[in-house]
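Novice: Below is work-v6.txt; it holds compact mmCIF, C-alpha atoms.
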```txt
# COMPACT_ATOMS: atom_id res chain seq x y z
CA MET A 274 26.18 6.46 -23.21
CA THR A 275 22.76 4.86 -23.63
CA GLY A 276 19.54 6.61 -24.59
CA ARG A 277 18.52 6.81 -20.92
CA ALA A 278 17.89 10.31 -19.58
CA LEU A 279 17.60 11.47 -15.97
CA ARG A 280 16.37 15.00 -15.27
CA VAL A 281 16.41 16.22 -11.66
CA TYR A 282 14.67 19.32 -10.29
CA LEU A 283 16.27 20.76 -7.13
CA ASP A 284 16.16 23.70 -4.73
CA PHE A 285 18.32 24.29 -1.67
CA SER A 286 15.42 24.74 0.77
CA CYS A 287 14.47 21.04 0.93
CA PRO A 288 16.48 18.56 3.04
CA TYR A 289 15.45 15.68 0.82
CA ALA A 290 16.77 17.58 -2.21
CA TYR A 291 20.08 17.92 -0.34
CA LEU A 292 20.20 14.15 0.09
CA ALA A 293 19.21 13.51 -3.52
CA ALA A 294 21.85 15.90 -4.86
CA GLY A 295 24.50 13.76 -3.22
CA LEU A 296 23.16 10.58 -4.80
CA VAL A 297 22.19 11.46 -8.37
CA GLU A 298 25.66 11.42 -9.90
CA GLY A 299 26.28 7.88 -8.71
CA LEU A 300 22.78 6.91 -9.81
CA ALA A 301 23.33 8.27 -13.31
CA ALA A 302 26.72 6.56 -13.57
CA ARG A 303 25.35 3.17 -12.48
CA CYS A 304 22.51 3.42 -14.97
CA GLU A 305 24.60 4.92 -17.78
CA ALA A 306 22.05 7.73 -17.97
CA GLN A 307 22.53 11.30 -19.18
CA LEU A 308 22.14 13.50 -16.07
CA ASP A 309 20.42 16.87 -16.45
CA VAL A 310 20.20 18.93 -13.23
CA ARG A 311 17.57 21.69 -13.24
CA PRO A 312 17.72 24.34 -10.49
CA MET A 313 14.23 25.70 -9.74
CA LEU A 314 12.59 27.93 -7.14
CA LEU A 315 10.52 25.62 -4.95
CA GLY A 316 8.61 28.55 -3.48
CA GLY A 317 7.38 29.40 -6.97
CA VAL A 318 6.25 25.81 -7.47
CA PHE A 319 4.43 25.93 -4.13
CA ARG A 320 2.65 29.15 -5.10
CA ALA A 321 1.50 27.59 -8.35
CA ARG A 322 0.24 24.49 -6.51
CA GLN A 323 -1.29 26.54 -3.65
CA THR A 324 0.99 24.76 -1.19
CA PRO A 325 2.07 26.48 2.06
CA GLN A 326 5.57 27.95 1.76
CA ASN A 327 6.64 26.44 5.10
CA LEU A 328 5.20 22.93 5.10
CA SER A 329 6.45 22.13 8.59
CA SER A 330 4.32 24.95 10.00
CA VAL A 331 1.08 23.23 8.98
CA LEU A 332 1.92 19.71 10.16
CA SER A 333 0.46 18.17 13.29
CA PRO A 334 3.04 17.89 16.10
CA ALA A 335 3.13 14.09 15.70
CA LYS A 336 3.73 14.29 11.95
CA ALA A 337 6.35 17.02 12.38
CA ARG A 338 8.25 14.84 14.87
CA HIS A 339 8.10 11.88 12.51
CA ASN A 340 9.26 13.90 9.52
CA MET A 341 12.26 15.18 11.46
CA ALA A 342 13.19 11.63 12.47
CA ASP A 343 12.69 10.45 8.88
CA MET A 344 15.08 13.11 7.55
CA GLN A 345 17.74 11.97 9.99
CA ARG A 346 17.21 8.30 9.12
CA GLN A 347 17.50 8.97 5.40
CA ALA A 348 20.62 11.06 5.98
CA ALA A 349 22.11 8.24 8.05
CA MET A 350 21.35 5.76 5.27
CA ALA A 351 23.06 8.11 2.78
CA GLY A 352 26.02 8.50 5.14
CA VAL A 353 25.87 12.30 5.31
CA PRO A 354 25.31 14.80 8.14
CA LEU A 355 22.08 16.80 8.30
CA ARG A 356 21.29 19.56 10.78
CA MET A 357 18.10 21.61 10.62
CA PRO A 358 19.22 25.26 10.46
CA ALA A 359 17.68 27.73 12.88
CA GLY A 360 16.56 29.97 10.03
CA HIS A 361 14.78 27.29 7.99
CA PRO A 362 13.25 27.88 5.51
CA MET A 363 15.82 30.32 4.16
CA ARG A 364 15.39 32.39 1.03
CA THR A 365 17.24 30.58 -1.78
CA VAL A 366 16.52 32.73 -4.83
CA GLU A 367 19.90 34.52 -4.77
CA ALA A 368 21.83 31.27 -4.36
CA LEU A 369 19.92 29.68 -7.24
CA ARG A 370 20.61 32.69 -9.44
CA ALA A 371 24.30 32.46 -8.50
CA VAL A 372 24.32 28.87 -9.72
CA LEU A 373 22.83 29.99 -13.04
CA VAL A 374 25.40 32.79 -13.34
CA VAL A 375 28.28 30.35 -12.85
CA GLY A 376 26.66 27.97 -15.31
CA PRO A 377 26.79 24.20 -15.89
CA PRO A 378 27.74 21.75 -14.65
CA TYR A 379 25.59 22.95 -11.76
CA LEU A 380 26.20 20.29 -9.13
CA PRO A 381 29.75 21.26 -8.04
CA LEU A 382 28.58 24.65 -6.78
CA MET A 383 25.22 23.29 -5.62
CA HIS A 384 26.98 20.80 -3.35
CA HIS A 385 28.68 23.71 -1.57
CA PHE A 386 25.38 25.54 -1.13
CA TYR A 387 23.68 22.41 0.16
CA ARG A 388 26.40 21.78 2.73
CA ALA A 389 26.32 25.41 3.83
CA TYR A 390 22.54 25.23 4.36
CA TRP A 391 22.04 21.71 5.74
CA VAL A 392 25.28 21.10 7.64
CA ASP A 393 26.80 24.45 8.61
CA GLY A 394 23.68 26.63 8.93
CA VAL A 395 25.08 29.42 6.75
CA GLU A 396 22.53 32.10 5.85
CA ILE A 397 22.84 31.63 2.11
CA SER A 398 20.46 34.49 1.30
CA SER A 399 22.84 37.13 2.69
CA PRO A 400 25.72 38.66 0.69
CA GLU A 401 28.11 37.41 3.36
CA GLY A 402 26.73 33.89 3.15
CA LEU A 403 26.87 33.92 -0.63
CA ARG A 404 30.48 35.09 -0.57
CA GLU A 405 31.39 32.38 1.93
CA VAL A 406 29.93 29.64 -0.27
CA LEU A 407 31.51 31.05 -3.42
CA GLY A 408 34.83 31.06 -1.60
CA ARG A 409 34.43 27.42 -0.61
CA ALA A 410 33.84 26.64 -4.28
CA GLY A 411 37.04 28.42 -5.31
CA LEU A 412 35.17 31.36 -6.83
CA SER A 413 36.30 34.17 -4.52
CA ALA A 414 37.92 36.03 -7.40
CA ARG A 415 34.58 36.13 -9.23
CA ALA A 416 32.39 36.88 -6.21
CA ASP A 417 31.79 40.57 -7.03
CA GLU A 418 30.90 39.72 -10.63
CA ILE A 419 28.57 36.87 -9.62
CA LEU A 420 26.79 38.90 -6.93
CA ALA A 421 26.27 41.75 -9.39
CA ARG A 422 24.89 39.46 -12.09
CA ILE A 423 22.33 37.74 -9.86
CA GLU A 424 20.33 40.98 -10.17
CA ALA A 425 20.51 40.97 -13.97
CA PRO A 426 17.07 40.74 -15.65
CA GLU A 427 18.16 37.81 -17.83
CA ILE A 428 19.27 35.76 -14.80
CA LYS A 429 16.05 36.50 -12.94
CA GLN A 430 14.08 35.49 -16.01
CA ALA A 431 16.13 32.31 -16.45
CA LEU A 432 15.18 31.15 -12.96
CA ARG A 433 11.53 32.02 -13.56
CA ASP A 434 11.61 30.09 -16.84
CA ARG A 435 13.12 27.02 -15.18
CA THR A 436 10.53 27.15 -12.43
CA ASP A 437 7.70 27.48 -14.96
CA GLU A 438 9.16 24.56 -16.89
CA ALA A 439 9.15 22.45 -13.71
CA ILE A 440 5.51 23.33 -13.06
CA ALA A 441 4.59 22.42 -16.64
CA ALA A 442 6.38 19.07 -16.21
CA GLY A 443 4.15 18.23 -13.23
CA VAL A 444 6.62 19.05 -10.46
CA PHE A 445 5.07 19.86 -7.07
CA GLY A 446 8.01 19.28 -4.72
CA ALA A 447 11.70 18.52 -4.49
CA PRO A 448 13.54 16.47 -5.41
CA THR A 449 11.68 15.45 -8.54
CA PHE A 450 13.12 13.00 -11.06
CA VAL A 451 11.90 12.78 -14.65
CA ILE A 452 13.28 9.82 -16.55
CA ASP A 453 13.05 8.66 -20.13
CA VAL A 454 14.15 5.23 -21.32
CA GLY A 455 12.58 5.55 -24.74
CA GLU A 456 9.02 4.86 -23.58
CA GLY A 457 7.99 8.40 -22.72
CA GLU A 458 8.75 10.40 -19.60
CA ALA A 459 7.95 9.22 -16.08
CA LEU A 460 7.98 11.43 -12.98
CA TYR A 461 9.07 10.34 -9.51
CA TRP A 462 9.05 12.52 -6.40
CA GLY A 463 11.24 12.12 -3.35
CA THR A 464 14.63 10.79 -2.34
CA ASP A 465 12.89 7.63 -1.17
CA ARG A 466 11.97 6.84 -4.78
CA ILE A 467 15.56 6.64 -6.01
CA ALA A 468 15.44 2.83 -5.94
CA MET A 469 12.35 2.93 -8.18
CA VAL A 470 14.08 5.40 -10.50
CA GLU A 471 17.13 3.16 -10.72
CA ALA A 472 15.03 0.07 -11.39
CA ARG A 473 13.19 1.87 -14.20
CA LEU A 474 16.41 3.16 -15.74
CA ARG A 475 18.12 -0.23 -15.55
CA GLY A 476 15.06 -2.22 -16.55
CA GLY A 477 15.12 -4.52 -13.54
CA ALA A 478 15.07 -4.81 -9.78
CA VAL A 479 17.82 -3.14 -7.76
CA GLU A 480 19.65 -5.08 -5.09
CA ARG A 481 18.99 -3.52 -1.70
CA GLU A 482 21.20 -3.40 1.34
CA ALA A 483 20.57 -6.50 3.45
CA ILE A 484 18.19 -6.05 6.38
CA PRO A 485 19.38 -7.64 9.64
CA PRO A 486 17.20 -10.38 11.19
CA THR A 487 14.41 -8.80 13.20
CA ARG A 488 14.57 -9.32 16.94
CA ALA A 489 12.20 -6.68 18.33
CA PRO A 490 8.38 -6.78 18.25
CA MET A 491 6.56 -4.48 15.85
CA ASP A 492 3.05 -3.05 16.10
CA VAL A 493 1.23 -2.56 12.79
CA PHE A 494 -1.50 0.07 13.10
CA PHE A 495 -3.88 -0.05 10.14
CA ASP A 496 -7.31 0.77 8.81
CA TYR A 497 -8.89 -0.78 5.73
CA SER A 498 -9.77 2.71 4.45
CA SER A 499 -6.19 3.48 3.35
CA PRO A 500 -4.55 2.20 0.15
CA PHE A 501 -1.19 2.72 1.82
CA ALA A 502 -2.26 0.50 4.72
CA TYR A 503 -3.22 -2.16 2.16
CA LEU A 504 0.26 -1.97 0.65
CA GLY A 505 1.98 -1.88 4.04
CA CYS A 506 0.12 -4.90 5.39
CA ALA A 507 0.67 -6.78 2.13
CA GLY A 508 4.36 -5.99 2.49
CA VAL A 509 4.42 -7.40 6.01
CA GLU A 510 2.77 -10.62 4.84
CA ARG A 511 5.19 -10.88 1.95
CA ARG A 512 8.14 -10.64 4.35
CA ILE A 513 6.59 -13.27 6.61
CA ALA A 514 6.04 -15.61 3.65
CA ALA A 515 9.65 -15.10 2.52
CA GLY A 516 10.96 -15.97 5.97
CA GLU A 517 12.38 -12.46 6.44
CA LEU A 518 10.03 -11.67 9.33
CA ASP A 519 8.76 -13.85 12.16
CA ALA A 520 4.96 -13.67 12.36
CA ALA A 521 5.25 -13.97 16.15
CA GLN A 522 6.97 -10.56 16.25
CA VAL A 523 4.14 -8.75 14.48
CA ARG A 524 1.28 -7.31 16.52
CA TRP A 525 -1.70 -6.27 14.39
CA ARG A 526 -3.55 -3.17 15.64
CA PRO A 527 -6.82 -2.32 13.84
CA MET A 528 -7.66 1.36 14.46
CA LEU A 529 -10.25 3.83 13.19
CA LEU A 530 -8.21 6.20 11.06
CA GLY A 531 -10.87 8.90 10.86
CA ALA A 532 -10.93 9.12 14.65
CA VAL A 533 -7.13 9.37 14.68
CA PHE A 534 -7.27 12.21 12.14
CA LYS A 535 -9.82 14.04 14.29
CA GLN A 536 -7.71 13.72 17.44
CA VAL A 537 -4.51 14.96 15.75
CA ASP A 538 -6.33 17.74 13.87
CA MET A 539 -5.85 16.44 10.33
CA VAL A 540 -8.26 16.47 7.39
CA ASN A 541 -10.45 13.38 7.22
CA VAL A 542 -9.48 12.38 3.66
CA PRO A 543 -5.91 13.60 2.99
CA LEU A 544 -6.01 12.50 -0.66
CA PHE A 545 -8.73 15.08 -1.32
CA SER A 546 -6.57 17.92 0.06
CA LEU A 547 -3.68 17.39 -2.38
CA SER A 548 -2.99 19.60 -5.38
CA GLU A 549 -4.05 18.10 -8.69
CA ALA A 550 -0.42 17.44 -9.67
CA LYS A 551 0.36 15.73 -6.37
CA ARG A 552 -2.87 13.72 -6.51
CA ARG A 553 -2.00 12.43 -9.99
CA HIS A 554 1.47 11.45 -8.85
CA THR A 555 0.17 9.81 -5.67
CA SER A 556 -2.23 7.70 -7.72
CA MET A 557 0.62 6.58 -9.97
CA ASP A 558 2.90 5.98 -6.99
CA ILE A 559 0.34 3.68 -5.36
CA GLU A 560 0.16 1.68 -8.59
CA ARG A 561 3.95 1.45 -8.73
CA GLN A 562 4.18 0.28 -5.12
CA ALA A 563 1.46 -2.30 -5.72
CA ALA A 564 3.25 -3.59 -8.82
CA ALA A 565 6.51 -3.88 -6.88
CA LEU A 566 4.70 -6.01 -4.29
CA ASP A 567 2.87 -7.99 -6.98
CA ALA A 568 -0.31 -6.96 -5.15
CA PRO A 569 -3.49 -6.56 -7.23
CA TYR A 570 -4.82 -3.01 -7.02
CA ARG A 571 -7.74 -1.04 -8.40
CA PHE A 572 -8.92 2.22 -6.88
CA PRO A 573 -12.43 1.52 -5.56
CA SER A 574 -15.60 3.16 -6.82
CA ARG A 575 -16.69 3.64 -3.19
CA PHE A 576 -14.16 5.99 -1.60
CA PRO A 577 -13.90 6.89 1.17
CA MET A 578 -15.31 3.75 2.75
CA LYS A 579 -16.79 3.38 6.22
CA THR A 580 -14.66 0.68 7.81
CA VAL A 581 -16.01 0.48 11.36
CA LEU A 582 -17.66 -2.89 10.70
CA PRO A 583 -14.66 -4.73 9.17
CA LEU A 584 -12.39 -3.30 11.87
CA ARG A 585 -14.70 -4.55 14.62
CA VAL A 586 -15.07 -7.92 12.90
CA SER A 587 -11.28 -8.17 12.78
CA LEU A 588 -11.10 -7.49 16.51
CA ALA A 589 -13.87 -10.01 17.16
CA ALA A 590 -11.82 -12.55 15.21
CA GLY A 591 -8.93 -12.00 17.61
CA VAL A 592 -6.50 -10.41 15.16
CA GLU A 593 -5.23 -7.87 17.70
CA GLY A 594 -1.78 -8.76 18.88
CA VAL A 595 0.11 -11.60 17.24
CA GLY A 596 -3.07 -13.35 16.13
CA ASP A 597 -3.27 -16.66 14.30
CA GLU A 598 -2.97 -17.54 10.63
CA ALA A 599 -6.73 -17.33 10.07
CA GLY A 600 -6.80 -13.84 11.53
CA ARG A 601 -3.94 -12.73 9.30
CA ARG A 602 -5.74 -14.20 6.31
CA LEU A 603 -8.83 -12.23 7.28
CA ILE A 604 -6.90 -8.95 7.34
CA GLN A 605 -5.47 -9.57 3.88
CA ARG A 606 -8.81 -10.81 2.53
CA ILE A 607 -10.68 -7.69 3.62
CA PHE A 608 -7.98 -5.42 2.23
CA ARG A 609 -7.98 -7.25 -1.09
CA ALA A 610 -11.77 -7.21 -1.31
CA TYR A 611 -11.80 -3.43 -1.11
CA TRP A 612 -8.57 -2.39 -2.84
CA ALA A 613 -8.44 -5.02 -5.60
CA GLU A 614 -12.02 -6.26 -6.05
CA ASP A 615 -14.01 -3.05 -5.36
CA ARG A 616 -16.35 -4.78 -2.91
CA ASP A 617 -18.46 -2.98 -0.32
CA ILE A 618 -16.78 -3.89 2.96
CA ALA A 619 -19.33 -1.84 4.90
CA ASP A 620 -21.97 -4.43 3.96
CA PRO A 621 -22.44 -7.04 6.73
CA GLU A 622 -23.16 -9.79 4.20
CA VAL A 623 -19.96 -9.05 2.30
CA VAL A 624 -17.84 -8.98 5.46
CA ALA A 625 -19.43 -12.18 6.78
CA GLY A 626 -18.63 -13.89 3.48
CA LEU A 627 -15.02 -12.73 3.57
CA ALA A 628 -14.59 -14.09 7.09
CA THR A 629 -16.18 -17.38 6.06
CA ASP A 630 -13.71 -17.57 3.15
CA CYS A 631 -10.97 -17.57 5.79
CA GLY A 632 -12.44 -20.52 7.66
CA LEU A 633 -14.14 -18.38 10.31
CA ASP A 634 -17.78 -18.11 11.38
CA GLY A 635 -18.56 -14.93 9.48
CA ARG A 636 -22.12 -14.40 10.69
CA ALA A 637 -21.13 -14.89 14.32
CA LEU A 638 -18.28 -12.40 13.94
CA VAL A 639 -20.56 -9.77 12.39
CA GLU A 640 -22.96 -10.23 15.29
CA ALA A 641 -20.11 -10.00 17.81
CA ALA A 642 -18.91 -6.79 16.16
CA GLY A 643 -21.90 -5.00 17.63
CA SER A 644 -21.12 -5.96 21.22
CA PRO A 645 -20.06 -3.30 23.75
CA GLU A 646 -16.78 -5.14 24.31
CA ILE A 647 -15.73 -5.02 20.66
CA LYS A 648 -16.84 -1.40 20.25
CA ALA A 649 -14.76 -0.51 23.29
CA ALA A 650 -11.80 -2.47 21.92
CA LEU A 651 -11.76 -0.41 18.71
CA ARG A 652 -11.92 2.83 20.69
CA ARG A 653 -9.10 1.60 22.93
CA VAL A 654 -6.76 0.66 20.08
CA THR A 655 -7.48 3.97 18.37
CA ASP A 656 -6.67 5.90 21.55
CA GLU A 657 -3.51 3.83 22.02
CA ALA A 658 -2.49 4.67 18.46
CA VAL A 659 -2.79 8.40 19.11
CA ALA A 660 -0.92 8.05 22.40
CA ALA A 661 1.89 6.26 20.52
CA GLY A 662 2.23 9.17 18.09
CA VAL A 663 0.30 7.64 15.18
CA PHE A 664 -1.16 10.14 12.70
CA GLY A 665 -1.73 7.97 9.61
CA ALA A 666 -1.82 4.45 8.23
CA PRO A 667 0.02 2.25 8.08
CA THR A 668 2.22 3.01 11.06
CA PHE A 669 4.84 0.58 12.30
CA VAL A 670 6.00 0.98 15.91
CA VAL A 671 9.10 -1.02 16.78
CA HIS A 672 9.79 -1.73 20.45
CA ASP A 673 13.49 -2.29 21.06
CA ASP A 674 15.75 -1.80 24.07
CA HIS A 675 16.03 1.92 23.32
CA GLY A 676 12.27 2.52 23.38
CA PRO A 677 9.60 2.73 20.66
CA GLU A 678 10.50 3.93 17.18
CA LEU A 679 7.66 5.02 14.87
CA PHE A 680 7.64 4.65 11.08
CA TRP A 681 4.77 5.93 8.95
CA GLY A 682 3.93 4.70 5.48
CA ALA A 683 4.06 1.51 3.45
CA ASP A 684 7.35 2.75 2.00
CA ARG A 685 8.91 2.84 5.47
CA LEU A 686 8.51 -0.88 6.18
CA ASP A 687 12.17 -1.50 5.33
CA PHE A 688 13.19 1.18 7.84
CA ALA A 689 10.96 -0.42 10.49
CA LEU A 690 12.49 -3.84 9.85
CA ARG A 691 15.97 -2.35 10.06
CA ALA A 692 15.03 -0.86 13.43
CA ALA A 693 13.65 -4.22 14.56
CA GLY A 694 16.99 -5.73 13.56
CA GLY A 695 18.93 -3.25 15.67
CA ASP A 696 20.21 -0.92 12.93
CA PRO A 697 21.37 2.18 14.89
CA ARG A 698 20.73 4.43 11.87
CA MET A 699 17.01 4.07 12.46
CA ARG A 700 16.99 5.60 15.94
CA ALA A 701 15.29 8.97 16.10
CA VAL A 702 17.51 11.72 17.50
```
Hey, can you dump this file as structure tokens for me?
Specialist:
Amino acid sequence: MTGRALRVYLDFSCPYAYLAAGLVEGLAARCEAQLDVRPMLLGGVFRARQTPQNLSSVLSPAKARHNMADMQRQAAMAGVPLRMPAGHPMRTVEALRAVLVVGPPYLPLMHHFYRAYWVDGVEISSPEGLREVLGRAGLSARADEILARIEAPEIKQALRDRTDEAIAAGVFGAPTFVIDVGEGEALYWGTDRIAMVEARLRGGAVEREAIPPTRAPMDVFFDYSSPFAYLGCAGVERRIAAGELDAAQVRWRPMLLGAVFKQVDMVNVPLFSLSEAKRRHTSMDIERQAAALDAPYRFPSRFPMKTVLPLRVSLAAGVEGVGDEAGRRLIQRIFRAYWAEDRDIADPEVVAGLATDCGLDGRALVEAAGSPEIKAALRRVTDEAVAAGVFGAPTFVVHDDHGPELFWGADRLDFALRAAGGDPRMRAV
């Protein structure tokens, strides 16, 4: 065994933790890493971070629909069933204590609890549900003892201690991975970061499952105000340059993100609403995504930025739809100016210069940006985004024979390309 260590914080109440629990043993084996599974009470973490106990209850309808589809897509990629139980979120404290009573290795019993919750809909907080899961795990003979001991003060305290330890480590959600390859600890949150975790543990890129050739058109809704939109659009251009994506299949859709947020009843600057722990991780995650794309990145001194002018200039340059190479260069140039060079893209002189850099008539485009036609075009695209179910940037909407499929986030570009290539696992159900 190498000196690589992989610590994983889990609770049964999160579907993504269910998916991660089924993947971490293989991950640790591939990376020759010492696996350390830490059960924790996610509700206790949420209380410490002032996060709502039922996150789905505070999501906009559009975001809730997307998240449900995303869970199913990730489950399909992992090759496991996932069914949202009617009683979600269920109380998990007794089940977690039962795991601590039985003792390590924790995953064998945890797998049974996860399946009971996320496949069979068993009420794992009830004595009957606990007994059923213990029976599935071959522990029927010890059920009375285990159920009695979950009320023991030392078991209750052990779960509190593990939850406090998770909070101290910077955990704010599940699953959370903390890895150490001899260079200090690094925290990663989410099943969708397993590839990053593996790359860090192995010290190199991880081969991904091949993406089928795209054959369906894809809308890319973006605003220059979002670092994630910068990464998503840079990712699209990288795929085009590598010949993995046909530029003629990409339809660029500049939208005003603040107006979208207002229409779907979301806060205007989501980054400011995050807990301190989640904000720190998000900042690090953006840097990691940028590094993976080889995209220069520096958080700007002017944030948030008013982006009405560069969006209108982009529309005046004809970038909406497939656009031409100059228009695509303009999109990337404006993004880079703000998110890598810390330039003021609300300044007409700056925007005109950026357009001129791309071989366009920058001054004429800035003047055209004030026309009623261009103003109306930005309002129209923004309204079309909301009508399509968009609630953030970037959003990729793939139009195949089965209807539109929506994917939110720079880290969902691969899923969008799989959908455009006809991968049935990407269809929302």
Novice: Please measure the separation of atom CA of A:Asp567 and atom CA of A:Ala514, giving the value in Å to one decimal.
Specialist: 13.5 Å
Novice: Name all residues at most 9 Å from A:Pro577 (count only C-alpha atoms; drop same-chain ones fewer than 6 positions away) and give them as a list in words.
Specialist: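 These residues fall inside the cut-off: Ser498, Ser499 and Val542 of chain A.
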Novice: What gap, in Å, lies between atom CA of A:Glu367 and atom CA of A:Tyr282?
Specialist: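 Value for the atom CA of A:Glu367-atom CA of A:Tyr282 distance: 17.0 Å.
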Novice: Would you pick out the contacts of stretch 355-366 of chain A at 6 Å or less, using only C-alpha atoms, so that residues sharing its chain but fewer than 2 positions from it are not included, and give the list as a ChimeraX atom specification?
Specialist: /A:368-369,391-392,394,398
Novice: Keeping only C-alpha atoms, take the residues you just selected and write them out as a PDB file, in the coordinates of the input.
Specialist:
```pdb
ATOM      1  CA  ALA A 368      21.830  31.270  -4.360  1.00  0.00           C
ATOM      2  CA  LEU A 369      19.920  29.680  -7.240  1.00  0.00           C
ATOM      3  CA  TRP A 391      22.040  21.710   5.740  1.00  0.00           C
ATOM      4  CA  VAL A 392      25.280  21.100   7.640  1.00  0.00           C
ATOM      5  CA  GLY A 394      23.680  26.630   8.930  1.00  0.00           C
ATOM      6  CA  SER A 398      20.460  34.490   1.300  1.00  0.00           C
TER       7      SER A 398
END
```
Novice: Within 8 Å of stretch 589-592 of chain A, counting only C-alpha atoms, which residues qualify if same-chain residues fewer than 6 places away don't, as an mmCIF file with C-alpha atoms, in the coordinates of the input?
Specialist:
```cif
data_model
loop_
_atom_site.group_PDB
_atom_site.id
_atom_site.type_symbol
_atom_site.label_atom_id
_atom_site.label_comp_id
_atom_site.auth_asym_id
_atom_site.auth_seq_id
_atom_site.Cartn_x
_atom_site.Cartn_y
_atom_site.Cartn_z
ATOM 1 C CA TRP A 525 -1.700 -6.270 14.390
ATOM 2 C CA ARG A 526 -3.550 -3.170 15.640
ATOM 3 C CA GLY A 600 -6.800 -13.840 11.530
ATOM 4 C CA ARG A 601 -3.940 -12.730 9.300
ATOM 5 C CA ILE A 604 -6.900 -8.950 7.340
ATOM 6 C CA LEU A 633 -14.140 -18.380 10.310
ATOM 7 C CA LEU A 638 -18.280 -12.400 13.940
ATOM 8 C CA ALA A 641 -20.110 -10.000 17.810
ATOM 9 C CA ALA A 642 -18.910 -6.790 16.160
ATOM 10 C CA ILE A 647 -15.730 -5.020 20.660
#
```
Novice: Using all atoms listed in the file, which residues sit within 9 Å of A:Val297 once same-chain residues fewer than 4 positions away are excluded, as a short mmCIF file (atom, residue, chain, number, x, y, z; two decimals) with C-alpha atoms, keeping the file's coordinate frame?
Specialist:
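So the final result, stored in around_28.cif, reads:
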```cif
data_model
loop_
_atom_site.label_atom_id
_atom_site.label_comp_id
_atom_site.auth_asym_id
_atom_site.auth_seq_id
_atom_site.Cartn_x
_atom_site.Cartn_y
_atom_site.Cartn_z
CA LEU A 279 17.60 11.47 -15.97
CA VAL A 281 16.41 16.22 -11.66
CA ALA A 293 19.21 13.51 -3.52
CA ALA A 301 23.33 8.27 -13.31
CA ALA A 302 26.72 6.56 -13.57
CA LEU A 308 22.14 13.50 -16.07
CA ILE A 467 15.56 6.64 -6.01
#
```
